[in-house]
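Student: Here you go, entry01.tsv (TSV, C-alpha atoms):
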chain	number	residue	atom	x	y	z
U	771	MET	CA	0.00	0.00	0.00
U	772	SER	CA	1.23	3.50	-0.84
U	773	LYS	CA	2.45	5.81	1.89
U	774	ILE	CA	0.29	8.94	1.97
U	775	ILE	CA	0.94	12.28	3.64
U	776	THR	CA	-1.86	14.84	3.69
U	777	ILE	CA	-1.25	18.46	4.57
U	778	SER	CA	-3.92	20.87	5.72
U	779	ARG	CA	-2.70	24.40	6.31
U	780	GLU	CA	-3.61	27.89	7.33
U	781	PHE	CA	-3.15	30.40	4.53
U	782	GLY	CA	0.34	31.91	4.68
U	783	SER	CA	1.72	29.32	7.10
U	784	GLY	CA	4.04	27.71	4.54
U	785	GLY	CA	2.14	24.43	4.37
U	786	ARG	CA	2.25	24.23	0.58
U	787	GLU	CA	6.03	24.79	0.51
U	788	LEU	CA	6.47	22.27	3.32
U	789	GLY	CA	4.53	19.68	1.32
U	790	ARG	CA	6.50	20.31	-1.85
U	791	CYS	CA	9.88	20.16	-0.05
U	792	LEU	CA	8.89	17.05	1.90
U	793	ALA	CA	7.79	15.24	-1.26
U	794	LYS	CA	11.08	16.12	-2.93
U	795	LYS	CA	13.17	14.91	0.03
U	796	LEU	CA	11.25	11.63	0.31
U	797	GLY	CA	10.98	11.04	-3.43
U	798	TYR	CA	7.17	11.03	-3.23
U	799	ALA	CA	4.73	12.36	-5.80
U	800	TYR	CA	3.37	15.81	-4.96
U	801	TYR	CA	-0.25	16.76	-5.66
U	802	ASP	CA	-1.76	20.19	-5.28
U	803	LYS	CA	-2.99	22.18	-8.27
U	804	GLU	CA	-2.83	18.99	-10.35
U	805	ILE	CA	-5.97	17.88	-8.54
U	806	VAL	CA	-7.91	20.90	-9.80
U	807	ARG	CA	-6.71	20.28	-13.36
U	808	GLU	CA	-7.87	16.65	-13.20
U	809	ILE	CA	-11.27	17.60	-11.77
U	810	ALA	CA	-11.72	20.21	-14.51
U	811	ALA	CA	-10.85	17.66	-17.20
U	812	LYS	CA	-13.23	15.03	-15.82
U	813	THR	CA	-16.16	17.40	-15.24
U	814	LYS	CA	-15.59	19.54	-18.35
U	815	LEU	CA	-15.70	22.65	-16.16
U	816	SER	CA	-13.09	25.39	-16.31
U	817	GLU	CA	-10.11	25.22	-13.94
U	818	ASP	CA	-10.93	28.69	-12.63
U	819	TYR	CA	-14.46	27.60	-11.76
U	820	VAL	CA	-13.36	24.37	-10.08
U	821	ASN	CA	-10.66	26.24	-8.17
U	822	SER	CA	-13.25	28.74	-6.93
U	823	ILE	CA	-15.28	25.89	-5.44
U	824	VAL	CA	-12.86	23.27	-4.11
U	825	GLU	CA	-12.03	25.09	-0.89
U	826	LYS	CA	-15.19	27.09	-0.30
U	827	ARG	CA	-18.35	25.93	1.42
U	828	PRO	CA	-20.98	25.11	-1.24
U	829	PHE	CA	-24.21	27.08	-1.11
U	830	SER	CA	-26.54	24.28	-0.06
U	831	MET	CA	-29.06	23.81	2.72
U	832	PHE	CA	-27.61	20.46	3.81
U	833	PRO	CA	-24.11	18.96	4.01
U	834	ILE	CA	-23.35	16.76	1.04
U	835	HIS	CA	-21.70	14.08	3.19
U	836	THR	CA	-25.10	13.12	4.65
U	837	GLY	CA	-26.02	11.71	1.27
U	838	SER	CA	-29.57	13.02	1.32
U	839	SER	CA	-31.57	16.19	1.38
U	840	PHE	CA	-35.14	17.16	2.18
U	841	GLN	CA	-35.27	19.44	-0.84
U	842	THR	CA	-37.82	18.32	-3.40
U	843	MET	CA	-36.50	20.40	-6.28
U	844	THR	CA	-33.20	19.74	-8.00
U	845	ASN	CA	-30.68	22.49	-7.43
U	846	PRO	CA	-28.16	22.76	-10.32
U	847	ILE	CA	-25.54	24.35	-8.04
U	848	ASP	CA	-25.87	21.51	-5.53
U	849	ASP	CA	-25.60	18.98	-8.37
U	850	GLN	CA	-22.41	20.64	-9.61
U	851	ASN	CA	-20.94	20.78	-6.10
U	852	GLN	CA	-21.63	17.08	-5.63
U	853	LEU	CA	-20.18	16.26	-9.04
U	854	ILE	CA	-16.98	18.16	-8.26
U	855	PHE	CA	-16.61	16.57	-4.83
U	856	ARG	CA	-17.25	13.06	-6.20
U	857	GLU	CA	-14.59	13.56	-8.86
U	858	GLN	CA	-12.25	14.98	-6.23
U	859	CYS	CA	-12.71	11.79	-4.15
U	860	ASN	CA	-12.11	9.55	-7.17
U	861	ILE	CA	-9.03	11.44	-8.30
U	862	LEU	CA	-7.46	11.52	-4.83
U	863	LYS	CA	-7.95	7.77	-4.46
U	864	GLN	CA	-6.44	7.14	-7.90
U	865	MET	CA	-3.44	9.33	-7.09
U	866	ALA	CA	-2.96	7.58	-3.76
U	867	ASP	CA	-3.04	4.20	-5.52
U	868	GLN	CA	-0.33	5.14	-8.00
U	869	SER	CA	2.58	5.83	-5.64
U	870	ASP	CA	3.74	7.23	-2.31
U	871	CYS	CA	2.53	10.83	-2.26
U	872	VAL	CA	2.06	14.14	-0.48
U	873	ILE	CA	-1.34	15.76	-1.02
U	874	VAL	CA	-2.06	19.36	-0.04
U	875	GLY	CA	-5.59	20.39	0.97
U	876	ARG	CA	-8.79	19.22	-0.75
U	877	CYS	CA	-10.09	17.28	2.28
U	878	ALA	CA	-7.55	14.55	1.44
U	879	ASP	CA	-7.08	13.59	5.09
U	880	TYR	CA	-10.80	12.88	5.39
U	881	ILE	CA	-11.34	11.35	1.94
U	882	LEU	CA	-8.37	8.98	2.33
U	883	SER	CA	-8.89	8.25	6.03
U	884	GLU	CA	-9.38	4.50	5.44
U	885	ARG	CA	-5.86	4.37	3.99
U	886	GLU	CA	-4.45	5.80	7.22
U	887	PRO	CA	-2.41	8.72	5.85
U	888	LEU	CA	-0.03	10.73	8.01
U	889	ARG	CA	-2.25	13.77	8.57
U	890	ILE	CA	-0.37	17.02	9.12
U	891	PHE	CA	-1.82	20.40	10.01
U	892	VAL	CA	0.40	23.45	9.47
U	893	TYR	CA	-0.30	26.74	11.23
U	894	ALA	CA	1.56	29.88	12.33
U	895	ASP	CA	1.17	33.13	14.24
U	896	MET	CA	-0.64	35.90	12.36
U	897	ASP	CA	2.40	38.21	12.18
U	898	TYR	CA	4.43	35.42	10.58
U	899	LYS	CA	1.70	34.70	8.03
U	900	ILE	CA	1.32	38.37	7.14
U	901	LYS	CA	5.08	38.78	6.68
U	902	ARG	CA	5.28	35.64	4.56
U	903	CYS	CA	2.36	36.71	2.36
U	904	LEU	CA	3.80	40.19	1.86
U	905	GLY	CA	7.15	38.67	0.88
U	906	ASN	CA	5.50	36.35	-1.64
U	907	GLN	CA	3.42	39.01	-3.42
U	908	SER	CA	3.92	39.34	-7.15
U	909	GLU	CA	4.90	42.66	-8.72
U	910	THR	CA	1.26	43.34	-9.59
U	911	GLU	CA	0.00	42.78	-6.02
U	912	THR	CA	-0.02	45.79	-3.70
U	913	LEU	CA	-1.81	44.60	-0.57
U	914	ASN	CA	-0.80	46.19	2.73
U	915	SER	CA	-0.57	44.36	6.08
U	916	LYS	CA	-4.17	45.10	7.03
U	917	GLU	CA	-5.49	43.86	3.67
U	918	VAL	CA	-3.34	40.72	3.85
U	919	LYS	CA	-4.65	39.91	7.32
U	920	LYS	CA	-8.22	40.29	6.07
U	921	LYS	CA	-7.45	37.94	3.16
U	922	ILE	CA	-5.87	35.34	5.49
U	923	LEU	CA	-8.87	35.36	7.84
U	924	SER	CA	-11.31	35.12	4.94
U	925	LEU	CA	-9.53	32.24	3.21
U	926	ASP	CA	-9.08	30.28	6.44
U	927	ARG	CA	-12.77	30.77	7.26
U	928	GLN	CA	-13.69	29.41	3.81
U	929	ARG	CA	-11.41	26.41	4.27
U	930	ALA	CA	-12.91	25.65	7.67
U	931	GLN	CA	-16.48	25.87	6.30
U	932	TYR	CA	-15.60	23.69	3.31
U	933	TYR	CA	-13.99	21.05	5.52
U	934	MET	CA	-16.89	21.02	7.97
U	935	PHE	CA	-19.43	20.85	5.15
U	936	PHE	CA	-17.95	17.73	3.58
U	937	SER	CA	-16.43	15.95	6.56
U	938	GLY	CA	-18.55	17.03	9.51
U	939	GLN	CA	-15.27	17.64	11.34
U	940	LYS	CA	-13.67	20.83	12.63
U	941	TRP	CA	-10.77	21.97	10.44
U	942	GLY	CA	-7.58	22.42	12.46
U	943	GLU	CA	-8.84	20.50	15.50
U	944	LYS	CA	-5.87	18.52	16.81
U	945	GLU	CA	-7.76	15.24	17.30
U	946	PHE	CA	-8.14	14.90	13.51
U	947	TYR	CA	-4.40	15.13	12.78
U	948	ASP	CA	-1.32	13.08	13.61
U	949	LEU	CA	1.03	16.05	13.64
U	950	CYS	CA	0.36	19.77	14.11
U	951	ILE	CA	3.25	22.13	13.33
U	952	ASN	CA	3.56	25.80	14.24
U	953	MET	CA	5.97	27.15	11.60
U	954	THR	CA	6.42	30.54	13.30
U	955	ASN	CA	9.85	29.79	14.75
U	956	ILE	CA	10.89	26.77	12.68
U	957	GLU	CA	13.10	26.91	9.59
U	958	MET	CA	11.58	25.12	6.60
U	959	ASP	CA	14.59	22.82	6.13
U	960	ALA	CA	14.49	21.80	9.79
U	961	ALA	CA	10.76	21.03	9.64
U	962	VAL	CA	11.19	18.95	6.48
U	963	ALA	CA	14.14	17.04	7.92
U	964	SER	CA	12.29	16.31	11.17
U	965	ILE	CA	9.16	15.03	9.44
U	966	ALA	CA	11.22	12.95	7.00
U	967	ALA	CA	13.09	11.39	9.93
U	968	LEU	CA	9.78	10.63	11.65
U	969	ILE	CA	8.49	8.89	8.53
How would this structure read if it were set down as C-alpha cells?

Tutor:
Amino acid sequence: MSKIITISREFGSGGRELGRCLAKKLGYAYYDKEIVREIAAKTKLSEDYVNSIVEKRPFSMFPIHTGSSFQTMTNPIDDQNQLIFREQCNILKQMADQSDCVIVGRCADYILSEREPLRIFVYADMDYKIKRCLGNQSETETLNSKEVKKKILSLDRQRAQYYMFFSGQKWGEKEFYDLCINMTNIEMDAAVASIAALI
C-alpha cells in the first residue's frame, strides 16, 4: 500500500512549501494544483471555476456528506458541487493508488482516512503569516498588512467551512491530525528534515 501524507494548512503558514519540499526529500509524488486540473478535465468545467469551489463551502441547505436532502426540487448548483466533490474523491484515491505521495488540501485527510495517511496540520502566528504573504506578493500585487490579514482570515474561514461541510469535522482540531506544526519559529529545512526522519 502506498504511503500517503496529507497536509492541511492555514493560509500563509508555509504548508504548501512544506509539502512540496517534503515530497522532494522523500521522493514522493506531490499533488496540489494537479488535482484541480484533473477535476476540470473530468467534469468539463473550467479550472478557474473548479478552483473557486474546491475550498469554499458550497451554497446548499444540507451537508453533502449526509447523502440526502429534504429538498424536493433539484438544485443545479448543488448537483455541480456534488459532481466536483465526487470527482475529487475519485481522483485523490487514484493518485494515492499510484505511488507514495504528499497531497495538499482538498479534504484529502478525510477522503483517504481509510488508507491511514499521516495527517499534518500546518499553522503559524498571524504576524508570521502576514510577513510571509507580503514577501510572496507578485509585482502586480499591492496589498498592505491590514489587507493581507483580512485575506488570510477570509480564506481560512472558507477552508474551515468547506472542511466542515464535507467531513462534519472541525478543520484544524488537533484530534483529527497526527502532527500539528507551528511554523512561526521553525526553519523550513528543519521542519522537512524532522518530518522525513519521523516517517

Student: Do you know which residues are at most 12 Å from Gln868 of chain U counting only C-alpha atoms, after dropping those on the same chain fewer than 6 positions away, and could you put them as a compact mmCIF listing (two decimals) with C-alpha atoms, in the coordinates of the input?

Tutor:
# COMPACT_ATOMS: atom_id res chain seq x y z
CA MET U 771 0.00 0.00 0.00
CA SER U 772 1.23 3.50 -0.84
CA LYS U 773 2.45 5.81 1.89
CA ILE U 774 0.29 8.94 1.97
CA TYR U 798 7.17 11.03 -3.23
CA ALA U 799 4.73 12.36 -5.80
CA TYR U 800 3.37 15.81 -4.96
CA TYR U 801 -0.25 16.76 -5.66
CA ILE U 861 -9.03 11.44 -8.30
CA LEU U 862 -7.46 11.52 -4.83

Student: State, in Å with one decimal place, the distance from atom CA of Ala960 of chain U to atom CA of Asp879 of chain U.

Tutor: 23.6 Å

Student: Restricting the calculation to all atoms listed in the file: of U:Ser869, U:Leu888, U:Leu882, U:Lys940, which residue gets closest to Ile969 of chain U?

Tutor: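 Residue with the minimum atom-to-atom distance to Ile969 of chain U: U:Leu888.
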
Student: Write out as a PDB file with C-alpha atoms, in the frame of the given file each polymer residue whose atoms come within 9 Å of Asp897 of chain U, counting all atoms listed in the file; drop sequence neighbours fewer than 4 positions from it.

Tutor:
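Generated file (selection-v7.pdb):
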ATOM      1  CA  LYS U 901       5.080  38.780   6.680  1.00  0.00           C
ATOM      2  CA  ARG U 902       5.280  35.640   4.560  1.00  0.00           C
ATOM      3  CA  LYS U 919      -4.650  39.910   7.320  1.00  0.00           C
ATOM      4  CA  THR U 954       6.420  30.540  13.300  1.00  0.00           C
TER       5      THR U 954
END

Student: Between U:Arg779, U:Gln907, U:Phe946, U:Lys916, which is the closest to Arg929 of chain U once you count only C-alpha atoms?

Tutor: U:Arg779

Student: In Å, with one decimal, what is the gap from atom CA of Met953 of chain U to atom CA of Glu917 of chain U?

Tutor: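 Between these atoms lies a distance of 21.8 Å.
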
Student: Between atom CA of Tyr947 of chain U and atom CA of Ile890 of chain U, what distance in Å does the model show, to one decimal?

Tutor: 5.8 Å

Student: Restricting the calculation to only C-alpha atoms: of U:Ile873, U:Leu904, U:Leu968, U:Met896, which residue gets closest to Leu788 of chain U?

Tutor: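 Smallest separation from Leu788 of chain U among the options: U:Ile873.
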
Student: Restricting the calculation to all atoms listed in the file: of U:Phe781, U:Pro887, U:Gly789, U:Ile775, which residue gets closest to Ala961 of chain U?

Tutor: U:Gly789

Student: Near Lys921 of chain U, counting only C-alpha atoms, which residues have an atom at most 12 Å away, once you skip same-chain residues fewer than 3 positions from it, shown as a PDB file with C-alpha atoms, in the coordinates of the input?

Tutor:
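So selection-v1.pdb came out as:
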ATOM      1  CA  GLU U 780      -3.610  27.890   7.330  1.00  0.00           C
ATOM      2  CA  PHE U 781      -3.150  30.400   4.530  1.00  0.00           C
ATOM      3  CA  GLY U 782       0.340  31.910   4.680  1.00  0.00           C
ATOM      4  CA  MET U 896      -0.640  35.900  12.360  1.00  0.00           C
ATOM      5  CA  LYS U 899       1.700  34.700   8.030  1.00  0.00           C
ATOM      6  CA  ILE U 900       1.320  38.370   7.140  1.00  0.00           C
ATOM      7  CA  CYS U 903       2.360  36.710   2.360  1.00  0.00           C
ATOM      8  CA  LEU U 904       3.800  40.190   1.860  1.00  0.00           C
ATOM      9  CA  LEU U 913      -1.810  44.600  -0.570  1.00  0.00           C
ATOM     10  CA  ASN U 914      -0.800  46.190   2.730  1.00  0.00           C
ATOM     11  CA  SER U 915      -0.570  44.360   6.080  1.00  0.00           C
ATOM     12  CA  LYS U 916      -4.170  45.100   7.030  1.00  0.00           C
ATOM     13  CA  GLU U 917      -5.490  43.860   3.670  1.00  0.00           C
ATOM     14  CA  VAL U 918      -3.340  40.720   3.850  1.00  0.00           C
ATOM     15  CA  SER U 924     -11.310  35.120   4.940  1.00  0.00           C
ATOM     16  CA  LEU U 925      -9.530  32.240   3.210  1.00  0.00           C
ATOM     17  CA  ASP U 926      -9.080  30.280   6.440  1.00  0.00           C
ATOM     18  CA  ARG U 927     -12.770  30.770   7.260  1.00  0.00           C
ATOM     19  CA  GLN U 928     -13.690  29.410   3.810  1.00  0.00           C
TER      20      GLN U 928
END

Student: Looking at U:Gly784, U:Ile777, U:Asp802, U:Gly942, which one is nearest to Glu957 of chain U, with distances taken over all atoms listed in the file?

Tutor: U:Gly784

Student: Nearest to Gly875 of chain U: which of U:Leu949, U:Leu792, U:Ser778, U:Tyr898 is it, counting all atoms listed in the file?

Tutor: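 The closest residue to Gly875 of chain U is U:Ser778.
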